[in-house]
file target11.pdb (PDB, C-alpha atoms)
ATOM      1  CA  ALA A   1     -28.605  18.031  21.947
ATOM      2  CA  LEU A   2     -30.769  15.779  24.111
ATOM      3  CA  ALA A   3     -27.847  15.058  26.461
ATOM      4  CA  PHE A   4     -27.153  18.790  26.842
ATOM      5  CA  ALA A   5     -30.836  19.504  27.542
ATOM      6  CA  VAL A   6     -31.129  16.692  30.093
ATOM      7  CA  GLY A   7     -27.836  17.660  31.717
ATOM      8  CA  SER A   8     -28.878  21.306  32.019
ATOM      9  CA  MET A   9     -32.202  20.349  33.598
ATOM     10  CA  LEU A  10     -30.473  18.025  36.067
ATOM     11  CA  MET A  11     -28.025  20.756  37.111
ATOM     12  CA  LEU A  12     -30.864  23.252  37.529
ATOM     13  CA  ALA A  13     -32.634  20.665  39.676
ATOM     14  CA  GLY A  14     -29.592  20.444  41.957
ATOM     15  CA  ARG A  15     -28.233  17.167  40.522
ATOM     16  CA  GLN A  16     -24.835  18.598  39.650
ATOM     17  CA  THR A  17     -22.926  15.314  39.234
ATOM     18  CA  LEU A  18     -25.559  13.613  37.069
ATOM     19  CA  GLY A  19     -26.002  16.780  35.035
ATOM     20  CA  MET A  20     -22.291  17.164  34.350
ATOM     21  CA  LEU A  21     -22.041  13.477  33.399
ATOM     22  CA  ALA A  22     -24.877  13.859  30.890
ATOM     23  CA  VAL A  23     -23.281  16.960  29.364
ATOM     24  CA  TYR A  24     -19.859  15.256  29.283
ATOM     25  CA  PHE A  25     -21.070  12.136  27.493
ATOM     26  CA  GLY A  26     -23.152  14.220  25.093
ATOM     27  CA  ALA A  27     -20.151  16.388  24.231
ATOM     28  CA  GLN A  28     -17.855  13.365  23.911
ATOM     29  CA  SER A  29     -20.243  11.533  21.586
ATOM     30  CA  GLY A  30     -20.742  14.628  19.439
ATOM     31  CA  PHE A  31     -17.018  15.273  19.205
ATOM     32  CA  ASN A  32     -16.334  11.630  18.298
ATOM     33  CA  LEU A  33     -18.937  11.751  15.520
ATOM     34  CA  TYR A  34     -17.407  14.968  14.191
ATOM     35  CA  MET A  35     -13.883  13.500  14.231
ATOM     36  CA  LYS A  36     -15.089  10.309  12.522
ATOM     37  CA  ILE A  37     -16.557  12.400   9.702
ATOM     38  CA  VAL A  38     -13.302  14.338   9.303
ATOM     39  CA  LEU A  39     -11.077  11.253   9.530
ATOM     40  CA  SER A  40     -13.088   8.830   7.406
ATOM     41  CA  ASN A  41     -16.074  10.316   5.576
ATOM     42  CA  THR A  42     -15.274  13.808   4.278
ATOM     43  CA  LEU A  43     -14.850  13.807   0.494
ATOM     44  CA  VAL A  44     -11.268  14.823  -0.341
ATOM     45  CA  SER A  45     -10.987  13.793  -4.009
ATOM     46  CA  LYS A  46     -13.768  12.153  -6.004
ATOM     47  CA  GLU A  47     -11.433  11.364  -8.908
ATOM     48  CA  LEU A  48      -8.897   9.542  -6.721
ATOM     49  CA  GLY A  49     -11.507   7.980  -4.446
ATOM     50  CA  MET A  50     -10.113   9.710  -1.352
ATOM     51  CA  GLU A  51     -12.570  10.023   1.522
ATOM     52  CA  GLY A  52     -11.597  11.378   4.920
ATOM     53  CA  PHE A  53      -8.293  12.756   6.123
ATOM     54  CA  PRO A  54      -6.554   9.866   7.979
ATOM     55  CA  ALA A  55      -4.008  12.024   9.804
ATOM     56  CA  ALA A  56      -5.027  11.626  13.445
ATOM     57  CA  PHE A  57      -1.871  12.993  15.071
ATOM     58  CA  PHE A  58      -1.718  15.981  12.703
ATOM     59  CA  LEU A  59      -5.335  16.904  13.441
ATOM     60  CA  THR A  60      -4.819  16.466  17.192
ATOM     61  CA  ALA A  61      -1.781  18.770  17.084
ATOM     62  CA  VAL A  62      -3.751  21.411  15.173
ATOM     63  CA  GLN A  63      -6.526  21.170  17.759
ATOM     64  CA  GLN A  64      -4.020  21.811  20.534
ATOM     65  CA  VAL A  65      -2.660  24.926  18.820
ATOM     66  CA  VAL A  66      -6.222  26.211  18.385
ATOM     67  CA  THR A  67      -6.914  25.369  22.049
ATOM     68  CA  PHE A  68      -3.944  27.473  23.149
ATOM     69  CA  PHE A  69      -5.193  30.562  21.312
ATOM     70  CA  ALA A  70      -8.790  29.983  22.429
ATOM     71  CA  CYS A  71      -7.777  29.647  26.090
ATOM     72  CA  SER A  72      -5.479  32.672  25.830
ATOM     73  CA  ILE A  73      -8.349  34.767  24.453
ATOM     74  CA  MET A  74     -10.631  33.560  27.260
ATOM     75  CA  ILE A  75      -8.060  34.390  29.942
ATOM     76  CA  LEU A  76      -7.513  37.852  28.420
ATOM     77  CA  ALA A  77     -11.274  38.459  28.148
ATOM     78  CA  LEU A  78     -11.762  37.526  31.807
ATOM     79  CA  TRP A  79      -8.850  39.772  32.794
ATOM     80  CA  LEU A  80     -10.524  42.754  31.080
ATOM     81  CA  SER A  81     -13.992  41.941  32.410
ATOM     82  CA  PRO A  82     -15.559  42.710  35.813
ATOM     83  CA  TRP A  83     -14.886  39.033  36.701
ATOM     84  CA  ARG A  84     -11.133  39.543  36.557
ATOM     85  CA  ARG A  85      -9.066  36.512  37.488
ATOM     86  CA  LYS A  86      -5.306  36.209  37.616
ATOM     87  CA  PRO A  87      -3.875  33.031  36.047
ATOM     88  CA  ARG A  88      -1.757  30.966  38.408
ATOM     89  CA  LEU A  89       1.625  30.636  36.727
ATOM     90  CA  PRO A  90       3.699  27.512  37.434
ATOM     91  CA  THR A  91       6.798  28.355  39.455
ATOM     92  CA  THR A  92       8.130  25.154  41.009
ATOM     93  CA  ARG A  93       9.791  22.147  39.401
ATOM     94  CA  ARG A  94       6.915  19.937  40.562
ATOM     95  CA  GLU A  95       4.366  22.164  38.809
ATOM     96  CA  PHE A  96       6.303  22.213  35.535
ATOM     97  CA  LYS A  97       6.700  18.425  35.727
ATOM     98  CA  ALA A  98       2.969  17.954  36.373
ATOM     99  CA  ILE A  99       2.035  20.160  33.393
ATOM    100  CA  LEU A 100       4.422  18.329  31.050
ATOM    101  CA  LEU A 101       3.127  14.936  32.199
ATOM    102  CA  PHE A 102      -0.435  16.132  31.716
ATOM    103  CA  ALA A 103       0.438  17.404  28.218
ATOM    104  CA  PHE A 104       2.122  14.108  27.272
ATOM    105  CA  ALA A 105      -0.776  12.001  28.578
ATOM    106  CA  PHE A 106      -3.326  14.256  26.852
ATOM    107  CA  ALA A 107      -1.468  14.113  23.527
ATOM    108  CA  ALA A 108      -1.138  10.314  23.645
ATOM    109  CA  ASN A 109      -4.725   9.855  24.825
ATOM    110  CA  HIS A 110      -6.354  11.893  22.065
ATOM    111  CA  GLY A 111      -3.788  11.078  19.388
ATOM    112  CA  PHE A 112      -4.219   7.324  19.773
ATOM    113  CA  ASN A 113      -7.988   7.709  20.192
ATOM    114  CA  ASN A 114      -8.319   9.662  16.945
ATOM    115  CA  PHE A 115      -6.058   7.114  15.236
ATOM    116  CA  SER A 116      -8.287   4.328  16.538
ATOM    117  CA  MET A 117     -11.393   6.173  15.377
ATOM    118  CA  SER A 118     -10.018   6.444  11.841
ATOM    119  CA  LEU A 119      -9.866   2.634  11.719
ATOM    120  CA  LEU A 120     -12.942   1.572  13.751
ATOM    121  CA  ASP A 121     -16.647   2.299  13.847
ATOM    122  CA  VAL A 122     -17.674   4.991  16.323
ATOM    123  CA  SER A 123     -19.760   2.464  18.275
ATOM    124  CA  LEU A 124     -16.777   0.156  18.841
ATOM    125  CA  ASN A 125     -14.540   3.081  19.730
ATOM    126  CA  LEU A 126     -17.010   4.235  22.394
ATOM    127  CA  VAL A 127     -17.243   0.694  23.755
ATOM    128  CA  LEU A 128     -13.466   0.672  24.198
ATOM    129  CA  ARG A 129     -13.524   4.122  25.838
ATOM    130  CA  SER A 130     -15.999   2.814  28.406
ATOM    131  CA  CYS A 131     -13.072   0.882  29.936
ATOM    132  CA  ILE A 132     -11.379   4.104  31.136
ATOM    133  CA  PRO A 133     -12.815   4.043  34.710
ATOM    134  CA  LEU A 134     -11.444   0.565  35.454
ATOM    135  CA  MET A 135      -8.096   1.398  33.865
ATOM    136  CA  THR A 136      -7.913   4.520  36.046
ATOM    137  CA  VAL A 137      -8.549   2.495  39.206
ATOM    138  CA  LEU A 138      -5.907  -0.080  38.238
ATOM    139  CA  LEU A 139      -3.328   2.571  37.331
ATOM    140  CA  GLN A 140      -3.969   4.417  40.594
ATOM    141  CA  ALA A 141      -3.398   1.172  42.481
ATOM    142  CA  VAL A 142      -0.081   0.603  40.656
ATOM    143  CA  LEU A 143       1.128   4.155  41.347
ATOM    144  CA  ARG A 144       0.043   3.900  44.965
ATOM    145  CA  ALA A 145       1.908   0.610  45.347
ATOM    146  CA  CYS A 146       5.018   2.216  43.828
ATOM    147  CA  GLN A 147       4.618   5.073  46.333
ATOM    148  CA  VAL A 148       4.667   7.755  43.641
ATOM    149  CA  HIS A 149       4.171  11.064  45.437
ATOM    150  CA  GLY A 150       0.863  12.730  44.562
ATOM    151  CA  TYR A 151      -0.063  10.528  41.616
ATOM    152  CA  GLY A 152      -2.266   7.582  42.452
ATOM    153  CA  VAL A 153      -3.500   9.119  45.685
ATOM    154  CA  SER A 154      -7.285   9.284  45.791
ATOM    155  CA  ASP A 155      -9.592  10.858  48.338
ATOM    156  CA  GLY A 156     -12.046   7.986  48.066
ATOM    157  CA  LYS A 157     -11.838   4.280  47.350
ATOM    158  CA  SER A 158     -14.032   2.352  44.956
ATOM    159  CA  THR A 159     -16.513  -0.017  46.544
ATOM    160  CA  SER A 160     -16.683  -3.685  45.630
ATOM    161  CA  GLY A 161     -19.958  -3.084  43.793
ATOM    162  CA  GLU A 162     -18.398  -0.353  41.670
ATOM    163  CA  LEU A 163     -15.437  -2.592  40.821
ATOM    164  CA  VAL A 164     -17.768  -5.441  39.803
ATOM    165  CA  CYS A 165     -19.709  -3.098  37.510
ATOM    166  CA  MET A 166     -16.489  -1.843  35.934
ATOM    167  CA  PHE A 167     -15.216  -5.397  35.356
ATOM    168  CA  LEU A 168     -18.551  -6.373  33.774
ATOM    169  CA  GLY A 169     -18.329  -3.308  31.526
ATOM    170  CA  VAL A 170     -14.832  -4.275  30.381
ATOM    171  CA  LEU A 171     -15.984  -7.847  29.745
ATOM    172  CA  CYS A 172     -18.826  -6.575  27.567
ATOM    173  CA  ALA A 173     -16.377  -4.322  25.723
ATOM    174  CA  ALA A 174     -14.093  -7.298  25.049
ATOM    175  CA  LEU A 175     -16.998  -9.387  23.747
ATOM    176  CA  ALA A 176     -18.126  -6.536  21.479
ATOM    177  CA  THR A 177     -14.596  -6.188  20.078
ATOM    178  CA  VAL A 178     -14.313  -9.928  19.361
ATOM    179  CA  ALA A 179     -17.744  -9.972  17.698
ATOM    180  CA  GLU A 180     -16.836  -6.952  15.550
ATOM    181  CA  SER A 181     -13.524  -8.485  14.438
ATOM    182  CA  ARG A 182     -15.094 -11.832  13.508
ATOM    183  CA  GLY A 183     -18.043 -10.238  11.765
ATOM    184  CA  SER A 184     -15.963  -7.905   9.587
ATOM    185  CA  VAL A 185     -15.565  -8.944   5.951
ATOM    186  CA  ASP A 186     -14.179  -5.636   4.687
ATOM    187  CA  PRO A 187     -10.421  -6.050   4.074
ATOM    188  CA  THR A 188      -9.909  -2.281   4.379
ATOM    189  CA  GLN A 189     -10.984  -2.361   8.032
ATOM    190  CA  HIS A 190      -7.984  -2.686  10.316
ATOM    191  CA  ILE A 191      -9.838  -4.012  13.355
ATOM    192  CA  LEU A 192      -6.839  -5.333  15.273
ATOM    193  CA  LEU A 193      -4.703  -2.227  14.715
ATOM    194  CA  GLY A 194      -7.613   0.044  15.599
ATOM    195  CA  THR A 195      -8.321  -1.950  18.749
ATOM    196  CA  LEU A 196      -4.662  -1.811  19.802
ATOM    197  CA  MET A 197      -4.660   1.976  19.333
ATOM    198  CA  GLY A 198      -7.886   2.154  21.337
ATOM    199  CA  VAL A 199      -6.339   0.180  24.200
ATOM    200  CA  LEU A 200      -3.302   2.488  24.217
ATOM    201  CA  SER A 201      -5.619   5.494  24.267
ATOM    202  CA  ILE A 202      -7.526   4.294  27.351
ATOM    203  CA  ILE A 203      -4.250   3.639  29.207
ATOM    204  CA  PHE A 204      -3.119   7.195  28.548
ATOM    205  CA  ALA A 205      -6.636   8.498  29.214
ATOM    206  CA  ALA A 206      -6.441   6.969  32.703
ATOM    207  CA  PHE A 207      -3.030   8.556  33.281
ATOM    208  CA  ASN A 208      -4.423  11.827  31.897
ATOM    209  CA  MET A 209      -7.173  11.792  34.538
ATOM    210  CA  ILE A 210      -4.675  11.083  37.308
ATOM    211  CA  CYS A 211      -2.482  13.968  36.124
ATOM    212  CA  ALA A 212      -5.540  16.252  36.032
ATOM    213  CA  ALA A 213      -6.333  15.287  39.625
ATOM    214  CA  GLU A 214      -2.750  16.150  40.603
ATOM    215  CA  LEU A 215      -2.977  19.572  38.945
ATOM    216  CA  GLY A 216      -6.327  20.403  40.510
ATOM    217  CA  GLY A 217      -5.498  18.875  43.875
ATOM    218  CA  ASP A 218      -2.358  19.819  45.772
ATOM    219  CA  LEU A 219      -1.109  22.170  43.032
ATOM    220  CA  LYS A 220      -4.386  24.144  42.838
ATOM    221  CA  ILE A 221      -4.040  24.958  39.122
ATOM    222  CA  GLU A 222      -7.386  25.844  37.539
ATOM    223  CA  PRO A 223      -8.612  23.758  34.552
ATOM    224  CA  LEU A 224      -8.518  26.735  32.160
ATOM    225  CA  ASP A 225      -4.940  27.564  33.122
ATOM    226  CA  ALA A 226      -3.827  23.922  32.960
ATOM    227  CA  THR A 227      -5.366  23.525  29.494
ATOM    228  CA  CYS A 228      -3.657  26.668  28.243
ATOM    229  CA  TYR A 229      -0.237  25.759  29.662
ATOM    230  CA  SER A 230      -0.312  22.166  28.372
ATOM    231  CA  SER A 231      -1.724  22.698  24.872
ATOM    232  CA  LEU A 232       1.479  23.757  23.085
ATOM    233  CA  PRO A 233       3.657  21.082  24.791
ATOM    234  CA  ALA A 234       1.028  18.513  23.756
ATOM    235  CA  ALA A 235       1.287  19.705  20.148
ATOM    236  CA  VAL A 236       5.095  19.363  20.330
ATOM    237  CA  PHE A 237       4.803  15.794  21.672
ATOM    238  CA  LEU A 238       2.606  14.929  18.663
ATOM    239  CA  LEU A 239       5.267  15.982  16.150
ATOM    240  CA  LEU A 240       7.177  12.691  16.476
ATOM    241  CA  PRO A 241       4.334  10.354  15.375
ATOM    242  CA  MET A 242       3.118  12.992  12.905
ATOM    243  CA  PHE A 243       6.397  12.911  10.955
ATOM    244  CA  PHE A 244       7.646   9.351  11.512
ATOM    245  CA  LEU A 245       4.741   6.945  12.178
ATOM    246  CA  ARG A 246       3.553   5.288   8.967
ATOM    247  CA  HIS A 247       0.015   3.897   9.008
ATOM    248  CA  PRO A 248      -2.793   2.840   6.632
ATOM    249  CA  SER A 249      -4.103   5.746   4.562
ATOM    250  CA  TRP A 250      -6.716   5.772   1.790
ATOM    251  CA  PRO A 251      -7.734   2.548   0.008
ATOM    252  CA  GLY A 252      -5.383   1.945  -2.888
ATOM    253  CA  PHE A 253      -2.636   4.139  -1.410
ATOM    254  CA  VAL A 254       0.504   2.968   0.370
ATOM    255  CA  SER A 255       1.002   3.513   4.095
ATOM    256  CA  MET A 256       2.224   7.014   4.890
ATOM    257  CA  THR A 257       2.826   9.399   7.765
ATOM    258  CA  ASP A 258       0.397  12.154   8.717
ATOM    259  CA  TRP A 259       2.681  14.766   7.183
ATOM    260  CA  GLN A 260       2.873  12.838   3.914
ATOM    261  CA  GLY A 261      -0.915  12.599   3.923
ATOM    262  CA  PHE A 262      -1.184  16.340   4.462
ATOM    263  CA  ARG A 263       1.225  16.961   1.575
ATOM    264  CA  GLN A 264      -0.900  14.637  -0.537
ATOM    265  CA  VAL A 265      -4.029  16.767  -0.142
ATOM    266  CA  ALA A 266      -2.461  20.232   0.276
TER     267      ALA A 266
END
call {"tool": "encode", "arguments": {"input": "target11.pdb", "output": "structure tokens"}}
result
Amino acid sequence: ALAFAVGSMLMLAGRQTLGMLAVYFGAQSGFNLYMKIVLSNTLVSKELGMEGFPAAFFLTAVQQVVTFFACSIMILALWLSPWRRKPRLPTTRREFKAILLFAFAFAANHGFNNFSMSLLDVSLNLVLRSCIPLMTVLLQAVLRACQVHGYGVSDGKSTSGELVCMFLGVLCAALATVAESRGSVDPTQHILLGTLMGVLSIIFAAFNMICAAELGGDLKIEPLDATCYSSLPAAVFLLLPMFFLRHPSWPGFVSMTDWQGFRQVA
């Protein structure tokens, strides 16, 4: 709430970038806390000692289906309102490819991040997520070196000071991860697996941001339209790990897939 209040005041004061950053980090922290409660702390069965619903990919897929209907309702409401806007439908092969890549990156980013959050503390998960800016810069450099058309092209270049700050941030994140892993005495905490999932999530988060820049850049597809078009493909991409990836579940239970976990509580 404080981040939203500060962000709103900054935007009203003309500090649009700082205001949006404050709102973004406030929303991200709130959403992470909510997902941690759902994944790890919600009481499922007192008799069986089941707390949380450790089905990260299943929950992410459900969120994408809900997002599709929510965005569709918003687009329809705007169409019927005085502020009518016409959605820009993808027509070219490049646009369809960009939307599918965005959907895949989004699904992997949030799927692996939710998986990581089910295994790690929220504080450590946020420390890992702080590495996204540097990963984005590095991935852009790789794509630019490979001469990938559109992707990896940036209007501005990071200064040496910005790169130093990002490297220092990643170093602090690495130290925090090592300290957390050595200080953990709880055998049910899967620190290494959670950290690996967190690293995968920041790689796909960086690619997700690059794909978003491609959609909003040369292709001129609005964020609301891009979110609506990519939500169902993202849910489809999540079906594979949802049905086939076995992972730690509740204490005292064997490893199972998300679908098996859903069947367990349904």
call {"tool": "residues_near_point", "arguments": {"input": "target11.pdb", "point": "(0.9, 10.1, 18.0)", "cutoff": "9 Å", "atoms": "all atoms listed in the file", "output": "number ranges by chain"}}
result
A: 56-58, 60, 107-112, 115, 237-242, 245
call {"tool": "atom_distance", "arguments": {"input": "target11.pdb", "atom1": "CA of Met135 (chain A)", "atom2": "CA of Asn32 (chain A)"}}
result
20.4 Å
call {"tool": "residues_near_point", "arguments": {"input": "target11.pdb", "point": "(0.9, 16.5, 29.0)", "cutoff": "6 Å", "atoms": "only C-alpha atoms", "output": "ChimeraX atom specification"}}
result
/A:99-106,230,234
call {"tool": "closest_atom_pairs", "arguments": {"input": "target11.pdb", "of": "region 217-263 of chain A", "to": "region 90-93 of chain A", "cutoff": "12 Å", "atoms": "only C-alpha atoms", "output": "Markdown table"}}
result
| residue | atom | partner | partner_atom | distance |
| --- | --- | --- | --- | --- |
| A:Leu219 | CA | A:Pro90 | CA | 9.1 |
| A:Lys220 | CA | A:Pro90 | CA | 10.3 |
| A:Ile221 | CA | A:Pro90 | CA | 8.3 |
| A:Glu222 | CA | A:Pro90 | CA | 11.2 |
| A:Asp225 | CA | A:Pro90 | CA | 9.7 |
| A:Ala226 | CA | A:Pro90 | CA | 9.5 |
| A:Cys228 | CA | A:Pro90 | CA | 11.8 |
| A:Tyr229 | CA | A:Pro90 | CA | 8.9 |
| A:Ser230 | CA | A:Pro90 | CA | 11.3 |
call {"tool": "atom_distance", "arguments": {"input": "target11.pdb", "atom1": "CA of Trp259 (chain A)", "atom2": "CA of Cys211 (chain A)"}}
result
29.4 Å
call {"tool": "resolve_selection", "arguments": {"input": "target11.pdb", "expression": "the PyMOL selection byres ((chain A and resi 212) around 9)", "output": "list in words"}}
result
Ala98, Ile99, Phe102, Phe207, Asn208, Met209, Ile210, Cys211, Ala213, Glu214, Leu215, Gly216, Gly217, Pro223 and Ala226 of chain A
call {"tool": "resolve_selection", "arguments": {"input": "target11.pdb", "expression": "the PyMOL selection byres ((chain A and resi 87) around 8)", "output": "PyMOL selection string"}}
result
chain A and resi 75+85-86+88-89+225
call {"tool": "write_last_selection", "arguments": {"input": "target11.pdb", "atoms": "C-alpha atoms", "output": "CSV table (one decimal), in the frame of the given file"}}
result
chain,number,residue,atom,x,y,z
A,75,ILE,CA,-8.1,34.4,29.9
A,85,ARG,CA,-9.1,36.5,37.5
A,86,LYS,CA,-5.3,36.2,37.6
A,88,ARG,CA,-1.8,31.0,38.4
A,89,LEU,CA,1.6,30.6,36.7
A,225,ASP,CA,-4.9,27.6,33.1
call {"tool": "closest_residue", "arguments": {"input": "target11.pdb", "among": "A:Leu43, A:Asn125, A:Met117, A:Ala235", "to": "Phe68 (chain A)", "atoms": "all atoms listed in the file"}}
result
A:Ala235
call {"tool": "closest_residue", "arguments": {"input": "target11.pdb", "among": "A:Ala13, A:Ala27, A:Val44, A:Met197", "to": "Leu128 (chain A)", "atoms": "all atoms listed in the file"}}
result
A:Met197
call {"tool": "residues_around", "arguments": {"input": "target11.pdb", "residues": "Ala55 (chain A)", "least_positions_apart": "4", "cutoff": "12 Å", "atoms": "only C-alpha atoms", "output": "ChimeraX atom specification"}}
result
/A:35-36,38-40,59-62,111-119,238-239,241-243,245-250,255-265
call {"tool": "resolve_selection", "arguments": {"input": "target11.pdb", "expression": "the PyMOL selection byres ((chain A and resi 28) around 12)", "output": "PyMOL selection string"}}
result
chain A and resi 1+3-4+20-27+29-35+110+113+122+125-126+129-130
call {"tool": "axis_aligned_box", "arguments": {"input": "target11.pdb", "around": "region 43-55 of chain A", "padding_each_side": "6 Å", "output": "JSON"}}
result
{"center_x": -9.4, "center_y": 11.4, "center_z": 0.4, "size_x": 22.8, "size_y": 18.8, "size_z": 30.7}
call {"tool": "atom_distance", "arguments": {"input": "target11.pdb", "atom1": "CA of Ser231 (chain A)", "atom2": "CA of Gln64 (chain A)"}}
result
5.0 Å
call {"tool": "residues_around", "arguments": {"input": "target11.pdb", "residues": "Asn41 (chain A)", "least_positions_apart": "3", "cutoff": "6 Å", "atoms": "only C-alpha atoms", "output": "PyMOL selection string"}}
result
chain A and resi 37+51-52
